[in-house]
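Student: Input structure: coords37.cif, which contains mmCIF, C-alpha atoms and all ligand atoms.
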data_entry
#
loop_
_atom_site.label_atom_id
_atom_site.label_comp_id
_atom_site.auth_asym_id
_atom_site.auth_seq_id
_atom_site.Cartn_x
_atom_site.Cartn_y
_atom_site.Cartn_z
CA MET A 885 7.08 94.14 34.85
CA ASN A 886 4.30 94.09 37.41
CA ASN A 887 4.46 97.72 38.31
CA GLN A 888 3.56 99.09 34.89
CA TYR A 889 0.22 100.81 34.46
CA ASP A 890 -1.78 102.71 31.90
CA ILE A 891 -2.77 105.25 34.53
CA ILE A 892 -1.39 106.09 37.94
CA LEU A 893 -3.37 108.31 40.27
CA ALA A 894 -0.98 109.87 42.76
CA GLY A 895 -3.23 111.01 45.60
CA GLY A 896 -6.65 109.50 46.17
CA GLY A 897 -8.61 112.33 47.73
CA ALA A 898 -11.45 114.19 46.01
CA ALA A 899 -9.66 114.63 42.68
CA GLY A 900 -7.94 111.23 42.43
CA LEU A 901 -11.05 109.29 43.41
CA SER A 902 -13.34 111.39 41.20
CA LEU A 903 -11.14 110.85 38.17
CA LEU A 904 -11.01 107.15 38.93
CA TYR A 905 -14.79 107.02 39.33
CA HIS A 906 -15.33 108.68 35.96
CA LEU A 907 -12.68 106.47 34.30
CA LEU A 908 -14.48 103.36 35.51
CA GLN A 909 -17.57 104.49 33.65
CA SER A 910 -15.69 105.05 30.40
CA ASP A 911 -14.15 102.95 27.62
CA TRP A 912 -10.95 102.94 29.67
CA LYS A 913 -12.51 101.04 32.54
CA ASP A 914 -10.45 97.89 31.81
CA ARG A 915 -7.08 99.64 31.70
CA ARG A 916 -4.43 98.90 34.32
CA ILE A 917 -4.87 101.59 36.92
CA LEU A 918 -2.91 102.24 40.12
CA LEU A 919 -4.18 104.47 42.92
CA ILE A 920 -1.61 105.55 45.51
CA ASP A 921 -2.42 107.43 48.68
CA ARG A 922 -0.57 107.53 51.96
CA GLU A 923 -3.90 107.49 53.82
CA ARG A 924 -6.55 104.80 53.94
CA LYS A 925 -9.35 107.37 53.60
CA ASN A 926 -11.41 105.85 56.39
CA GLN A 927 -12.02 109.12 58.29
CA ASN A 928 -14.77 111.66 57.82
CA ASP A 929 -12.13 114.37 57.38
CA ARG A 930 -14.23 116.90 55.43
CA THR A 931 -17.68 117.79 54.19
CA TRP A 932 -18.17 118.86 50.61
CA CYS A 933 -20.88 121.31 49.64
CA PHE A 934 -21.67 122.46 46.14
CA TRP A 935 -24.62 123.48 44.03
CA GLU A 936 -25.94 122.02 40.80
CA VAL A 937 -29.00 121.76 38.60
CA GLY A 938 -30.47 118.25 38.56
CA SER A 939 -28.74 115.20 39.89
CA SER A 940 -25.08 114.31 40.33
CA PRO A 941 -23.24 111.03 39.80
CA TYR A 942 -23.10 110.89 43.60
CA GLU A 943 -26.82 111.38 44.22
CA SER A 944 -27.09 108.26 46.38
CA ILE A 945 -24.62 109.66 48.92
CA VAL A 946 -25.94 113.23 49.13
CA HIS A 947 -26.34 113.69 52.87
CA GLN A 948 -28.63 116.71 52.73
CA GLN A 949 -29.80 119.29 50.19
CA TRP A 950 -31.43 122.70 50.27
CA GLN A 951 -33.26 124.88 47.76
CA HIS A 952 -33.57 127.79 50.17
CA MET A 953 -30.67 129.39 51.97
CA TYR A 954 -30.28 132.55 54.00
CA PHE A 955 -27.79 135.24 53.17
CA ARG A 956 -27.35 137.47 56.22
CA SER A 957 -25.37 140.67 56.68
CA PRO A 958 -25.84 143.89 58.68
CA GLY A 959 -27.31 145.75 55.69
CA PHE A 960 -29.10 143.00 53.80
CA SER A 961 -30.58 139.66 54.79
CA GLN A 962 -32.82 137.42 52.74
CA LEU A 963 -33.94 133.84 52.34
CA LEU A 964 -32.68 133.04 48.84
CA ASN A 965 -34.59 130.74 46.54
CA LEU A 966 -31.78 128.94 44.69
CA GLN A 967 -33.92 127.35 41.99
CA PRO A 968 -33.08 125.83 39.56
CA TYR A 969 -30.03 125.05 41.71
CA THR A 970 -29.90 122.80 44.73
CA TYR A 971 -27.18 123.16 47.33
CA LYS A 972 -25.90 119.72 48.33
CA MET A 973 -23.75 118.24 51.04
CA ILE A 974 -21.66 115.08 50.77
CA ARG A 975 -19.72 113.73 53.76
CA GLY A 976 -16.11 112.84 52.96
CA ILE A 977 -16.38 109.34 54.43
CA ASP A 978 -19.47 108.54 52.33
CA PHE A 979 -17.66 109.64 49.19
CA TYR A 980 -14.53 107.60 49.94
CA GLN A 981 -16.58 104.49 50.72
CA HIS A 982 -18.77 104.95 47.65
CA VAL A 983 -15.77 105.02 45.29
CA TYR A 984 -13.97 102.20 47.11
CA GLN A 985 -17.09 100.04 46.86
CA ALA A 986 -17.25 100.72 43.12
CA LEU A 987 -13.61 99.53 42.82
CA ALA A 988 -14.50 96.10 44.12
CA ASP A 989 -15.78 95.15 40.65
CA PHE A 990 -12.51 96.09 38.95
CA PRO A 991 -9.58 93.70 39.48
CA ASN A 992 -7.59 95.88 37.04
CA VAL A 993 -7.41 98.63 39.70
CA THR A 994 -4.67 98.35 42.32
CA VAL A 995 -4.72 100.46 45.48
CA LEU A 996 -1.53 101.07 47.45
CA ASN A 997 -1.13 102.99 50.69
CA GLU A 998 2.33 104.40 50.16
CA GLU A 999 4.01 107.78 50.47
CA VAL A 1000 4.95 109.24 47.10
CA GLN A 1001 8.47 110.64 47.29
CA GLU A 1002 9.13 111.74 43.75
CA MET A 1003 7.67 111.79 40.26
CA ARG A 1004 9.68 112.04 37.09
CA GLU A 1005 9.36 111.42 33.40
CA SER A 1006 11.65 110.11 30.71
CA ASP A 1007 11.20 108.66 27.20
CA GLY A 1008 7.47 109.21 27.30
CA VAL A 1009 7.01 107.20 30.49
CA ALA A 1010 6.20 108.67 33.89
CA GLN A 1011 7.57 107.22 37.11
CA VAL A 1012 6.13 107.49 40.58
CA ILE A 1013 8.64 106.65 43.26
CA THR A 1014 7.34 105.67 46.67
CA GLU A 1015 9.09 104.59 49.83
CA ARG A 1016 8.78 100.95 48.60
CA ASP A 1017 8.86 100.87 44.83
CA THR A 1018 9.01 102.61 41.48
CA HIS A 1019 5.80 102.49 39.46
CA GLN A 1020 5.62 103.31 35.78
CA GLY A 1021 2.64 104.79 34.03
CA ALA A 1022 1.74 105.93 30.54
CA TRP A 1023 -0.12 108.70 32.36
CA VAL A 1024 0.15 110.00 35.91
CA PHE A 1025 -2.54 112.23 37.39
CA SER A 1026 -1.26 113.86 40.53
CA SER A 1027 -3.16 115.77 43.19
CA LEU A 1028 -0.08 116.18 45.41
CA ARG A 1029 0.51 119.81 46.35
CA ASP A 1030 3.93 121.45 46.14
CA LYS A 1031 5.32 122.19 49.58
CA ASP A 1032 6.50 125.62 48.52
CA GLU A 1033 3.34 126.51 46.60
CA VAL A 1034 3.03 129.87 48.32
CA LYS A 1035 6.45 130.95 47.01
CA GLN A 1036 5.21 130.49 43.44
CA ALA A 1037 2.54 133.13 44.10
CA ASN A 1038 5.10 135.90 43.62
CA GLY A 1039 3.26 139.10 42.65
CA HIS A 1040 -0.17 137.48 43.13
CA GLN A 1041 -2.77 137.46 45.84
CA TYR A 1042 -2.53 134.36 48.02
CA LEU A 1043 -5.18 134.35 50.72
CA LEU A 1044 -6.23 131.45 52.88
CA GLN A 1045 -9.76 130.32 53.42
CA HIS A 1046 -9.60 128.75 56.86
CA PHE A 1047 -12.49 127.37 58.78
CA LYS A 1048 -13.51 125.39 61.80
CA GLY A 1049 -16.77 123.48 61.73
CA TRP A 1050 -18.70 122.06 64.65
CA GLU A 1051 -21.36 119.51 63.97
CA ILE A 1052 -23.73 120.06 66.85
CA ARG A 1053 -26.61 118.01 68.15
CA THR A 1054 -29.27 119.79 70.17
CA HIS A 1055 -31.34 118.07 72.88
CA GLN A 1056 -34.56 119.53 71.46
CA PRO A 1057 -35.60 120.15 67.83
CA ARG A 1058 -34.11 123.58 67.02
CA PHE A 1059 -33.51 123.64 63.26
CA ASN A 1060 -35.50 123.66 60.07
CA PRO A 1061 -33.57 121.21 57.85
CA GLN A 1062 -35.09 122.80 54.72
CA GLU A 1063 -33.36 126.15 55.32
CA ALA A 1064 -29.61 126.60 55.66
CA THR A 1065 -27.45 129.70 55.98
CA LEU A 1066 -24.98 130.13 53.15
CA MET A 1067 -23.20 133.14 54.66
CA ASP A 1068 -23.83 135.07 57.84
CA PHE A 1069 -21.72 138.24 57.87
CA ARG A 1070 -23.33 139.72 60.97
CA ILE A 1071 -20.37 138.56 63.07
CA ASP A 1072 -17.38 140.75 63.93
CA GLN A 1073 -15.28 141.05 60.77
CA GLN A 1074 -12.10 142.09 62.63
CA GLY A 1075 -10.72 143.65 59.46
CA ASP A 1076 -11.03 140.39 57.44
CA CYS A 1077 -13.80 138.62 55.60
CA ARG A 1078 -15.50 136.42 58.24
CA PHE A 1079 -18.79 134.57 58.11
CA MET A 1080 -20.68 131.58 59.49
CA TYR A 1081 -22.34 128.75 57.61
CA VAL A 1082 -25.22 126.91 59.25
CA LEU A 1083 -26.15 123.67 57.53
CA PRO A 1084 -28.92 121.79 59.37
CA THR A 1085 -29.24 118.15 58.39
CA ASP A 1086 -32.24 117.40 60.62
CA GLU A 1087 -34.19 119.21 63.32
CA GLN A 1088 -31.51 118.52 65.93
CA THR A 1089 -28.27 118.43 63.93
CA ALA A 1090 -26.37 121.16 62.11
CA LEU A 1091 -22.88 121.86 60.85
CA VAL A 1092 -21.93 125.35 61.99
CA GLU A 1093 -18.75 126.59 60.36
CA TYR A 1094 -16.68 129.69 61.15
CA THR A 1095 -14.92 130.79 57.95
CA ILE A 1096 -12.30 133.46 57.37
CA PHE A 1097 -10.60 134.71 54.21
CA SER A 1098 -7.29 136.23 55.29
CA ALA A 1099 -3.53 136.01 54.86
CA GLN A 1100 -2.87 134.31 58.22
CA LEU A 1101 -4.46 131.54 60.26
CA LEU A 1102 -5.90 132.35 63.69
CA GLY A 1103 -4.73 130.86 66.98
CA LYS A 1104 -6.33 127.43 67.59
CA ASP A 1105 -8.67 128.60 70.36
CA GLU A 1106 -10.00 131.58 68.46
CA TYR A 1107 -12.10 129.50 66.08
CA ASN A 1108 -13.76 127.71 69.00
CA GLN A 1109 -14.36 130.97 70.88
CA GLU A 1110 -16.12 132.51 67.90
CA LEU A 1111 -18.27 129.42 67.39
CA GLN A 1112 -19.15 129.42 71.07
CA LYS A 1113 -20.16 133.08 70.84
CA TYR A 1114 -22.32 132.54 67.78
CA MET A 1115 -24.48 129.82 69.34
CA PRO A 1116 -26.33 131.99 71.89
CA GLU A 1117 -26.18 135.26 69.92
CA TYR A 1118 -27.58 134.03 66.62
CA LEU A 1119 -28.91 130.51 67.14
CA GLY A 1120 -30.33 131.05 70.62
CA LEU A 1121 -28.46 128.02 71.98
CA THR A 1122 -26.87 127.96 75.42
CA ASN A 1123 -24.03 125.55 76.23
CA SER A 1124 -26.44 123.10 77.81
CA ASP A 1125 -28.67 123.02 74.71
CA TYR A 1126 -26.20 121.23 72.46
CA GLN A 1127 -23.27 118.92 72.19
CA VAL A 1128 -20.44 119.03 69.65
CA VAL A 1129 -20.44 115.60 67.98
CA HIS A 1130 -17.85 116.14 65.25
CA GLN A 1131 -15.35 118.81 64.25
CA GLU A 1132 -13.56 119.69 61.04
CA PHE A 1133 -10.83 122.16 60.24
CA GLY A 1134 -9.64 123.15 56.80
CA VAL A 1135 -7.43 125.56 54.91
CA ILE A 1136 -8.01 126.20 51.22
CA PRO A 1137 -5.77 128.44 49.09
CA MET A 1138 -7.43 131.42 47.39
CA THR A 1139 -4.99 132.68 44.83
CA ASP A 1140 -4.94 134.22 41.40
CA MET A 1141 -1.61 132.63 40.51
CA THR A 1142 -1.84 130.09 37.71
CA TYR A 1143 -1.15 126.59 38.95
CA PRO A 1144 0.95 124.60 36.50
CA SER A 1145 -1.44 122.12 34.91
CA GLU A 1146 1.25 119.55 34.31
CA GLN A 1147 4.59 118.46 35.65
CA GLY A 1148 5.72 116.92 32.40
CA LYS A 1149 3.92 115.78 29.28
CA ARG A 1150 2.73 112.63 31.03
CA ILE A 1151 2.32 113.93 34.58
CA ILE A 1152 -0.91 115.93 34.79
CA ARG A 1153 -1.87 117.88 37.87
CA ILE A 1154 -5.42 117.63 39.13
CA GLY A 1155 -7.48 118.90 42.07
CA THR A 1156 -6.32 121.88 44.11
CA ALA A 1157 -2.74 121.15 42.96
CA GLY A 1158 -3.85 121.61 39.36
CA GLY A 1159 -5.78 124.84 39.93
CA ALA A 1160 -9.26 123.37 40.43
CA THR A 1161 -10.02 125.56 43.45
CA LYS A 1162 -12.11 128.60 42.53
CA ALA A 1163 -9.87 131.47 43.57
CA SER A 1164 -12.56 133.80 44.88
CA THR A 1165 -14.64 131.26 46.82
CA GLY A 1166 -12.57 128.16 47.55
CA TYR A 1167 -15.26 125.89 46.08
CA THR A 1168 -13.52 122.97 44.39
CA PHE A 1169 -15.63 119.82 44.44
CA GLN A 1170 -17.80 120.54 41.40
CA ARG A 1171 -14.87 121.89 39.43
CA ILE A 1172 -13.07 118.62 40.10
CA GLN A 1173 -16.09 116.73 38.73
CA ARG A 1174 -16.17 118.81 35.56
CA ASP A 1175 -12.42 118.48 35.12
CA SER A 1176 -12.54 114.71 35.66
CA GLN A 1177 -15.22 114.34 33.00
CA GLN A 1178 -13.24 116.51 30.61
CA LEU A 1179 -10.01 114.58 31.24
CA VAL A 1180 -11.72 111.24 30.63
CA ARG A 1181 -13.25 112.59 27.43
CA GLN A 1182 -9.84 113.78 26.23
CA LEU A 1183 -8.12 110.50 27.11
CA THR A 1184 -10.72 108.33 25.46
CA THR A 1185 -11.17 110.41 22.31
CA THR A 1186 -7.97 112.23 21.30
CA GLY A 1187 -5.54 110.73 23.80
CA LYS A 1188 -4.23 114.26 24.39
CA ILE A 1189 -4.68 116.33 27.55
CA SER A 1190 -5.22 120.05 27.10
CA THR A 1191 -2.79 122.18 29.07
CA ALA A 1192 -5.10 125.11 29.87
CA ARG A 1193 -7.91 123.53 31.86
CA PHE A 1194 -8.40 126.28 34.45
CA SER A 1195 -7.69 129.98 34.74
CA ASN A 1196 -7.54 130.64 31.06
CA ASN A 1197 -10.61 132.79 30.76
CA ARG A 1198 -12.25 136.07 31.79
CA PHE A 1199 -13.46 134.51 35.04
CA HIS A 1200 -9.87 134.19 36.18
CA LEU A 1201 -9.65 137.97 35.85
CA PHE A 1202 -12.91 138.45 37.81
CA ASP A 1203 -11.55 136.20 40.58
CA SER A 1204 -8.34 138.15 40.62
CA VAL A 1205 -10.25 141.45 40.89
CA LEU A 1206 -12.25 140.20 43.88
CA LEU A 1207 -9.13 138.78 45.54
CA ASN A 1208 -7.37 142.13 45.12
CA VAL A 1209 -10.39 143.98 46.50
CA MET A 1210 -10.40 141.65 49.52
CA GLY A 1211 -6.66 141.19 49.98
CA ARG A 1212 -5.92 144.92 49.76
CA ASP A 1213 -8.88 145.93 51.95
CA ILE A 1214 -10.33 148.07 49.17
CA TYR A 1215 -13.95 147.21 49.94
CA PRO A 1216 -15.38 144.86 52.60
CA ALA A 1217 -16.03 141.39 51.19
CA GLY A 1218 -19.21 141.02 53.23
CA LYS A 1219 -20.62 144.11 51.53
CA ALA A 1220 -19.55 142.87 48.10
CA PHE A 1221 -21.37 139.55 48.62
CA ALA A 1222 -24.40 141.46 49.95
CA ASP A 1223 -24.37 143.68 46.83
CA LEU A 1224 -24.27 140.61 44.63
CA PHE A 1225 -27.18 138.85 46.33
CA LYS A 1226 -29.23 142.02 46.76
CA ASN A 1227 -29.01 143.07 43.12
CA ASN A 1228 -29.16 139.76 41.29
CA PRO A 1229 -31.36 136.68 41.27
CA PRO A 1230 -29.50 134.04 43.35
CA ALA A 1231 -29.31 131.71 40.33
CA ARG A 1232 -27.38 134.35 38.37
CA VAL A 1233 -24.81 134.69 41.18
CA LEU A 1234 -24.37 130.91 41.36
CA ARG A 1235 -24.11 130.66 37.59
CA PHE A 1236 -21.48 133.42 37.62
CA LEU A 1237 -19.49 131.61 40.31
CA ASP A 1238 -19.79 128.47 38.16
CA GLU A 1239 -18.35 130.47 35.24
CA ASP A 1240 -21.43 129.70 33.16
CA THR A 1241 -22.79 133.24 32.65
CA HIS A 1242 -22.78 134.99 29.28
CA LEU A 1243 -21.33 138.47 28.82
CA GLY A 1244 -24.65 140.25 29.41
CA GLU A 1245 -25.00 138.56 32.78
CA ASP A 1246 -21.39 139.38 33.64
CA PHE A 1247 -22.16 143.07 33.07
CA ALA A 1248 -25.23 142.83 35.29
CA ILE A 1249 -23.03 141.30 38.01
CA MET A 1250 -20.41 144.03 37.59
CA ASN A 1251 -23.10 146.69 37.77
CA SER A 1252 -24.29 145.37 41.09
CA VAL A 1253 -21.13 146.32 42.99
CA PRO A 1254 -19.74 149.86 43.46
CA LYS A 1255 -17.56 150.95 40.55
CA MET A 1256 -14.54 152.66 42.13
CA PRO A 1257 -13.35 149.86 44.43
CA PHE A 1258 -13.69 147.33 41.65
CA ILE A 1259 -11.90 149.56 39.11
CA LYS A 1260 -9.06 149.76 41.64
CA GLY A 1261 -9.20 145.98 42.07
CA THR A 1262 -9.07 145.54 38.29
CA TRP A 1263 -6.04 147.78 38.09
CA PHE A 1264 -4.16 145.63 40.63
CA ALA A 1265 -5.39 142.41 39.00
CA LEU A 1266 -4.07 143.52 35.60
CA GLN A 1267 -0.81 144.60 37.17
CA SER A 1268 -0.30 141.19 38.75
CA LYS A 1269 -0.97 139.53 35.39
CA PHE A 1270 1.69 141.77 33.86
CA VAL A 1271 4.18 141.08 36.69
CA ALA A 1272 3.57 137.34 36.35
CA ALA A 1273 4.08 137.49 32.59
CA SER A 1274 7.44 139.20 33.03
CA TYR A 1275 8.87 136.48 35.33
C1 LIG A 1301 -12.10 120.46 55.61
C2 LIG A 1301 -12.34 120.86 54.17
C3 LIG A 1301 -13.63 121.12 53.73
C4 LIG A 1301 -13.85 121.49 52.39
N1 LIG A 1301 -15.12 121.76 51.99
C5 LIG A 1301 -15.36 122.05 50.70
C6 LIG A 1301 -16.69 122.25 50.24
O1 LIG A 1301 -17.64 122.25 51.02
N2 LIG A 1301 -16.89 122.48 48.92
C7 LIG A 1301 -15.86 122.50 48.03
O2 LIG A 1301 -16.11 122.67 46.83
N3 LIG A 1301 -14.58 122.37 48.45
C8 LIG A 1301 -14.31 122.14 49.75
N4 LIG A 1301 -13.01 121.94 50.17
C9 LIG A 1301 -11.93 122.18 49.19
C10 LIG A 1301 -11.62 120.96 48.30
O3 LIG A 1301 -12.80 120.46 47.71
C11 LIG A 1301 -10.97 119.84 49.06
O4 LIG A 1301 -9.77 120.27 49.64
C12 LIG A 1301 -10.69 118.63 48.18
O5 LIG A 1301 -10.44 117.55 49.03
C13 LIG A 1301 -9.52 118.85 47.23
O6 LIG A 1301 -9.30 117.68 46.52
P1 LIG A 1301 -7.82 117.22 46.13
O7 LIG A 1301 -7.94 115.87 45.55
O8 LIG A 1301 -7.15 118.29 45.37
O9 LIG A 1301 -7.05 117.13 47.53
P2 LIG A 1301 -7.28 116.04 48.67
O10 LIG A 1301 -8.69 115.64 48.74
O11 LIG A 1301 -6.63 116.61 49.88
O12 LIG A 1301 -6.45 114.78 48.15
C14 LIG A 1301 -5.05 114.74 48.10
C15 LIG A 1301 -4.66 113.33 48.51
O13 LIG A 1301 -3.25 113.19 48.32
C16 LIG A 1301 -2.74 112.41 49.40
N5 LIG A 1301 -1.32 112.73 49.49
C17 LIG A 1301 -0.77 113.94 49.70
N6 LIG A 1301 0.57 113.84 49.67
C18 LIG A 1301 0.86 112.54 49.42
C19 LIG A 1301 2.08 111.81 49.25
N7 LIG A 1301 3.28 112.41 49.31
N8 LIG A 1301 2.01 110.49 49.01
C20 LIG A 1301 0.79 109.86 48.93
N9 LIG A 1301 -0.35 110.49 49.08
C21 LIG A 1301 -0.34 111.82 49.31
C22 LIG A 1301 -3.56 112.84 50.60
O14 LIG A 1301 -3.56 111.83 51.59
C23 LIG A 1301 -4.94 113.05 49.97
O15 LIG A 1301 -5.75 111.89 50.08
C24 LIG A 1301 -12.76 121.60 51.49
C25 LIG A 1301 -11.47 121.36 51.96
C26 LIG A 1301 -11.26 121.00 53.28
C27 LIG A 1301 -9.82 120.78 53.74
#
Let me see the structure of the file written as C-alpha cells.

Tutor:
Amino acid sequence: MNNQYDIILAGGGAAGLSLLYHLLQSDWKDRRILLIDRERKNQNDRTWCFWEVGSSPYESIVHQQWQHMYFRSPGFSQLLNLQPYTYKMIRGIDFYQHVYQALADFPNVTVLNEEVQEMRESDGVAQVITERDTHQGAWVFSSLRDKDEVKQANGHQYLLQHFKGWEIRTHQPRFNPQEATLMDFRIDQQGDCRFMYVLPTDEQTALVEYTIFSAQLLGKDEYNQELQKYMPEYLGLTNSDYQVVHQEFGVIPMTDMTYPSEQGKRIIRIGTAGGATKASTGYTFQRIQRDSQQLVRQLTTTGKISTARFSNNRFHLFDSVLLNVMGRDIYPAGKAFADLFKNNPPARVLRFLDEDTHLGEDFAIMNSVPKMPFIKGTWFALQSKFVAASY
C-alpha cells in the first residue's frame, strides 16, 4: 500500500517541523515519513523568542539576538545582562521555509495539505484519517490540540496568555537594536498580569507586544488601544513617527493540568498538545526542541517512547504554585517577576525557567519572593494535584 509510513507527523507547525528536522539528521533519515498539515505554512504567522547558551540548530535563521534586556516595573527596573544566555528571535516564516528547504533533499518525505479528521490505533498500527484518505503509520506524532482541552482542566488553573504584537517602523532611527525589553510592567495592570515586550531588530524597527495573563480574552480593539497608548508614553513615539508594518495575535494556554502525552501506544502527542508549553510563562519553542531531540534519541536507540516527558518533576509544582498565585490574585505577578529579577542574577532566573537549576538554586529563587503568598499558592497547587489524582 502506498499510504503506509514509518512515521506520520500530524500537524506541521513548530513541533511537527522540529521533530522532522531532527529526524532528518538522525539514523532514521531514510525512513518513510509523512507530514500532514491543513495549512501551507507560507505566512509569517508568529515570532518565536527563546534564550539559550551557545548556538542553536537554527542559527542561520535567527533574525535578531540580545544579551542585554530591560526588566521594568514601578518598583524595580534594570538592564539585565543575560550572559551566558542570549535571547533570540526567529520569524515563523523563516523557520517554515528553512525546514521545507531541508526536505527537498529527502524524497522519502511526503507532505500533504489535508485536514486530519480522526486518529485511531489498532493491532499496533496507527491510522490518520483525513478528508481524502487513510494513512497508516508505525508511529504517529500529533500536535493537534483537543477542541475541548479546557474541559480537561477540571480542578486546575487554566489561564490564557494572549497578546497582540505590532511590528513598527519609525521614520527616524529611534531604537538601540542591542537592547530589548523583556517585560515592562509599568502599564496599567487592570487586576491582571499585563506587560509589554519591545524587541528592536534595527534602529527603526521593533516588535512591540502587549501581553496579558488572564482567564478571558479582551475585546479586539482593546489590544490596539493599549499599544497605541504605550507608544507616546513609554517610547516617545507619536502616531506620525511610525507605521505598523505587521501584526500578530496569539493565545497560549497556561495550565497546570497534565496533558496526556499519548493518544495510544503508537500515537504520541507533541508540542503544546503534548504539554510542551511551560505553564508559568508560555514559552514553548525551546522545550519543543529539547523534546524533539529526546524523541529522536528514544526512537533510534530503544524504539520506545517514554510516557512522562513533561510535568513529571518539581518544576511542575513550581509552575502550579505561580499559576495559583496569579490566577487567584494572591500576589501581583508583576511584583513576583520583579522580586525574581531583583534578587537573583538573570542567568539563575532563566536557568530556573528552563528547569535546569539544582535544589540550592531553587531555594534561592524561593527565598526571593515573599513567603506567605507563595505558601498559600503551594497549598492550592497541592490541593489541585490531589483533586486531579482523585478523578
Ligand atoms: C503568535 C504566537 C507567538 C508565539 N511566540 C512564542 C515565543 O516567542 N516563544 C515561545 O517559546 N513560544 C511562543 N509561542 C507558543 C508556541 O511556541 C507556539 O504556539 C508553537 O507554534 C506551538 O507549536 P505546536 O507545533 O504545538 O503548534 P502549531 O505551531 O500551532 O502547529 C500545529 C499545526 O497543526 C495544524 N493543524 C491543526 N489542526 C489540524 C488538523 N485538523 N488537520 C491538519 N492540520 C492541523 C496547524 O495548521 C498547525 O500548523 C507563540 C504562539 C503564538 C500563537

Student: Name all residues at most 8 Å from segment 1137-1151 of chain A (count all atoms listed in the file; drop same-chain ones fewer than 5 positions away) and give them as a ChimeraX atom specification.

Tutor: /A:1004-1005,1008-1010,1022-1026,1036-1037,1040-1045,1157-1159,1161-1166,1191-1193,1195,1200,1203-1204,1207

Student: Taking only C-alpha atoms and all ligand atoms into account, name the residue in A:Ser1027, A:Ser944, A:Gln909, A:Gln1062 that is nearest to ligand LIG 1301 (chain A).

Tutor: A:Ser1027

Student: For ligand LIG 1301 (chain A), list the contacting residues at 7 Å or closer, counting all atoms listed in the file, as number ranges by chain.

Tutor: A: 894-900, 920-923, 925, 929-934, 998-1001, 1027-1029, 1132-1136, 1154-1157, 1161, 1166-1170

Student: Can you list, as a VMD selection string, every protein, DNA or RNA residue that comes within 7 Å of Ala1222 of chain A when you count all atoms listed in the file, leaving out same-chain residues fewer than 3 positions away?

Tutor: chain A and resid 957 960 1218 to 1219 1225 to 1226

Student: Within 10 Å of (-18.1, 141.0, 55.7), in the coordinates the file gives, what residues turn up when you count only C-alpha atoms, written out as a VMD selection string?

Tutor: chain A and resid 956 to 958 1067 to 1079 1096 to 1097 1210 1215 to 1222

Student: Assuming the input is short of atoms at segment 1168-1180 of chain A, produce N, CA and C atoms for that part as an mmCIF file, in the frame of the given file.

Tutor:
data_model
loop_
_atom_site.group_PDB
_atom_site.id
_atom_site.type_symbol
_atom_site.label_atom_id
_atom_site.label_comp_id
_atom_site.auth_asym_id
_atom_site.auth_seq_id
_atom_site.Cartn_x
_atom_site.Cartn_y
_atom_site.Cartn_z
ATOM 1 N N THR A 1168 -14.389 123.798 45.220
ATOM 2 C CA THR A 1168 -13.520 122.970 44.390
ATOM 3 C C THR A 1168 -14.209 121.711 43.882
ATOM 4 N N PHE A 1169 -15.104 121.167 44.697
ATOM 5 C CA PHE A 1169 -15.630 119.820 44.440
ATOM 6 C C PHE A 1169 -16.262 119.694 43.050
ATOM 7 N N GLN A 1170 -17.126 120.632 42.697
ATOM 8 C CA GLN A 1170 -17.800 120.540 41.400
ATOM 9 C C GLN A 1170 -16.835 120.775 40.242
ATOM 10 N N ARG A 1171 -15.860 121.640 40.487
ATOM 11 C CA ARG A 1171 -14.870 121.890 39.430
ATOM 12 C C ARG A 1171 -14.029 120.642 39.191
ATOM 13 N N ILE A 1172 -13.791 119.893 40.260
ATOM 14 C CA ILE A 1172 -13.070 118.620 40.100
ATOM 15 C C ILE A 1172 -13.918 117.655 39.260
ATOM 16 N N GLN A 1173 -15.237 117.647 39.495
ATOM 17 C CA GLN A 1173 -16.090 116.730 38.730
ATOM 18 C C GLN A 1173 -16.064 117.094 37.251
ATOM 19 N N ARG A 1174 -16.194 118.371 36.964
ATOM 20 C CA ARG A 1174 -16.170 118.810 35.560
ATOM 21 C C ARG A 1174 -14.829 118.472 34.912
ATOM 22 N N ASP A 1175 -13.747 118.736 35.668
ATOM 23 C CA ASP A 1175 -12.420 118.480 35.120
ATOM 24 C C ASP A 1175 -12.222 116.978 34.869
ATOM 25 N N SER A 1176 -12.701 116.163 35.815
ATOM 26 C CA SER A 1176 -12.540 114.710 35.660
ATOM 27 C C SER A 1176 -13.251 114.240 34.397
ATOM 28 N N GLN A 1177 -14.463 114.757 34.188
ATOM 29 C CA GLN A 1177 -15.220 114.340 33.000
ATOM 30 C C GLN A 1177 -14.490 114.769 31.721
ATOM 31 N N GLN A 1178 -13.961 115.990 31.781
ATOM 32 C CA GLN A 1178 -13.240 116.510 30.610
ATOM 33 C C GLN A 1178 -11.973 115.685 30.338
ATOM 34 N N LEU A 1179 -11.247 115.360 31.406
ATOM 35 C CA LEU A 1179 -10.010 114.580 31.240
ATOM 36 C C LEU A 1179 -10.310 113.203 30.648
ATOM 37 N N VAL A 1180 -11.368 112.568 31.139
ATOM 38 C CA VAL A 1180 -11.720 111.240 30.630
ATOM 39 C C VAL A 1180 -12.113 111.333 29.159
#
